[in-house]
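A short worksheet on the structure shown next.
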Amino acid sequence: MKYVFGPVPSRRLGRSLGVDTVPLKTCNWNCVYCQLGRSRPVVNERGVYHPTEAILAEIGEALRAHEAGAIDWVTFVASGEGTLHSEIGRLVRETKAMTAIPVAVITNGSLLSEPTVREALSAADAVLPSLDAGSAELYRRINRPHPSLTFERQVGGLAAFREEYGGRLWVEVMLIKDVNDTEEALGDLRTVLASIRPNEVHLVLPSRPPVETWVQPSEEEGISRAVSVLGEIAQIVAPDGGELEIGRCEDPAEAVVAVVTRHPVRRDELERALAQRTGSDGGETLEELLVSGHVQCVLRNGVEFIAAPGAHYPEAVQSERTSRGGKKGG
């Protein structure tokens, strides 16, 4: 499948069937913590990046391939900013017409200042936008947005959506050590969140490979400070758990590429999933993908992650087709 992947274990959404609406790194932000590499270039033009009918057909196929209870949420989680797809509203509505499984949209929230985008997401059962900063300075430093996007538009769009939206609004805050986990930064963020009034605030850490090597997850002290400053509405979201599933509808190698294009996965986790899916040595299948250039291996904090070959990770990149024995080649 080109546009649908998983189900994958999700921090908040259980077994999530992912739906991608844009090509890799089609995004109007260039976040320092992004797991998918740098946005080159940063774009802010809406359009039909993938054919809507083809996306809907794959959603239907995937739903039919899984028994009842195997999928907890259908989640629009793009390998970029999903609301750049100008027909995201139709995709959400027609997906809900197919199934009783709830539908979520994960977004950076940058386009919620536009009434058409707010209307498009109104049918979703849950919307999960980002808000990593409580000031314009930190917003620019962390999210590195398209020049036309401002902190004022970000906050105003979230507040306007809250006024109109009847579903669950869960704001995500990515906590970065010594950047947005200080007393001052968290105080600014608390003030902004009070104006938005989300149902929940999810505190998450960059557990997948951040694009910039200097990015470090907030430590215990910073996490505790965030919970204390932001109050009862804030909750710590643990890293993804559960078993990764390699898609049943396609060739295992193709399914690996589909998953890691949207969510880089720890090498050891992916090897286990491949072994379970194929009944053979998952390491061999993965090694073939590395040697052929269908995926790349990225090293962050001593951990190997498998990612899409087209993703750009400056420095600390192992794209030299690491062998299982550690030998470098190519």
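Residues are named by chain letter and number: chains run A, B, ... in the order of the structure tokens, numbers start at 1 in each chain, and ligands are numbered from 1 in the order shown.
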
Distance table requested - region 145-220 of chain A against region 290-306 of chain A, cut-off 9 Å, only C-alpha atoms: one row per qualifying residue with the closest atom pair and its distance in Å to one decimal, ordered by chain and rising residue number, as a tab-separated table.
```
residue	atom	partner	partner_atom	distance
A:Arg208	CA	A:Phe305	CA	7.7
A:Pro209	CA	A:Arg300	CA	5.7
A:Pro210	CA	A:Arg300	CA	7.6
A:Thr213	CA	A:Arg300	CA	7.3
A:Gln216	CA	A:Asn301	CA	8.9
```

Backbone-only DSSP, strand (DSSP E or B) members of region 170-241 of chain A, as a ChimeraX atom specification: /A:170-174,176,200-204,217,234-236

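Candidate residues A:His66, A:Arg140, A:Arg168, A:Arg225 were compared for distance to Glu183 (chain A), and the nearest is A:Arg225, using only C-alpha atoms.
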
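Residues lying within 8 Å of region 252-264 of chain A, counting only C-alpha atoms and ignoring same-chain neighbours fewer than 5 positions away, are Met1, Lys2, Tyr3, Val4, Phe5, Gly6, Asp20, Leu24, Gln35, Leu36, Val77, Ala78, Ser79, Arg208, Pro209, Ile246, Gly247, Leu274, Arg277, Thr278, Thr285, Leu286, Leu289, His294, Val295, Phe305, Ile306, Ala307 and Ala308 of chain A.
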
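For the atom pair formed by CA of Leu112 (chain A) and CA of Gly157 (chain A), the distance is 4.5 Å, given to one decimal.
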
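Separating CA of Val227 (chain A) from CA of Met174 (chain A) is a distance of 12.9 Å.
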
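Among the candidate residues A:Arg93, A:Arg11, A:His312, A:Arg190, the one lying nearest to Ser39 (chain A) is A:His312, with distances computed using only C-alpha atoms.
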
Atom-to-atom span, CA of Leu189 (chain A) and CA of Ala104 (chain A), Å: 24.1 Å

Distance criterion (only C-alpha atoms): nearest to Asn28 (chain A) out of A:Leu111, A:Leu63, A:Ala123, A:Val155: A:Leu111

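Closest approach to Pro147 (chain A) among A:Leu270, A:Val19, A:Asn44, A:Ser10: A:Asn44, based on only C-alpha atoms.
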
Secondary structure check, helix (DSSP H, G or I) residues of region 68-201 of chain A, as a compact mmCIF listing (two decimals) with C-alpha atoms, in the first residue's frame:
```
# COMPACT_ATOMS: atom_id res chain seq x y z
CA GLY A 82 -1.32 16.31 6.62
CA THR A 83 -3.61 19.33 6.43
CA LEU A 84 -1.62 20.54 3.42
CA ILE A 88 -8.38 16.23 4.17
CA GLY A 89 -11.96 17.04 5.19
CA ARG A 90 -13.43 14.69 2.62
CA LEU A 91 -10.97 11.97 3.66
CA VAL A 92 -12.03 12.26 7.30
CA ARG A 93 -15.75 12.30 6.53
CA GLU A 94 -15.69 9.36 4.11
CA THR A 95 -13.52 7.30 6.43
CA LYS A 96 -16.06 7.80 9.21
CA ALA A 97 -18.77 6.69 6.79
CA MET A 98 -16.86 3.41 6.25
CA PRO A 115 -11.63 28.52 8.60
CA THR A 116 -11.62 25.94 5.79
CA VAL A 117 -9.08 23.81 7.65
CA ARG A 118 -10.98 24.06 10.92
CA GLU A 119 -14.12 22.93 9.11
CA ALA A 120 -12.23 20.07 7.46
CA LEU A 121 -11.12 18.64 10.81
CA ALA A 136 7.42 33.58 19.46
CA GLU A 137 11.15 33.24 20.04
CA LEU A 138 10.97 29.59 21.11
CA TYR A 139 8.40 28.83 18.41
CA ARG A 140 10.87 29.96 15.75
CA ARG A 141 13.76 28.13 17.41
CA ILE A 142 12.01 24.79 17.86
CA ASN A 143 9.55 24.56 14.97
CA PHE A 151 3.33 32.33 16.62
CA GLU A 152 0.28 34.58 16.83
CA ARG A 153 -1.38 32.65 13.99
CA GLN A 154 -0.54 29.34 15.68
CA VAL A 155 -2.11 30.29 19.00
CA GLY A 156 -5.05 32.11 17.41
CA GLY A 157 -5.84 29.13 15.20
CA LEU A 158 -5.82 26.70 18.11
CA ALA A 159 -8.05 28.95 20.18
CA ALA A 160 -10.51 29.43 17.29
CA PHE A 161 -10.66 25.69 16.68
CA ARG A 162 -11.38 25.05 20.35
CA GLU A 163 -14.35 27.41 20.18
CA GLU A 164 -15.84 25.55 17.20
CA GLU A 183 10.59 27.46 34.51
CA GLU A 184 10.26 30.50 32.25
CA ALA A 185 9.42 28.56 29.10
CA LEU A 186 6.82 26.43 30.90
CA GLY A 187 5.25 29.48 32.51
CA ASP A 188 4.79 31.08 29.08
CA LEU A 189 3.33 27.84 27.76
CA ARG A 190 0.88 27.59 30.67
CA THR A 191 -0.44 31.08 29.88
CA VAL A 192 -0.99 30.22 26.22
CA LEU A 193 -2.65 26.88 26.99
CA ALA A 194 -5.08 28.64 29.32
CA SER A 195 -6.32 30.64 26.33
CA ILE A 196 -6.77 27.50 24.21
```
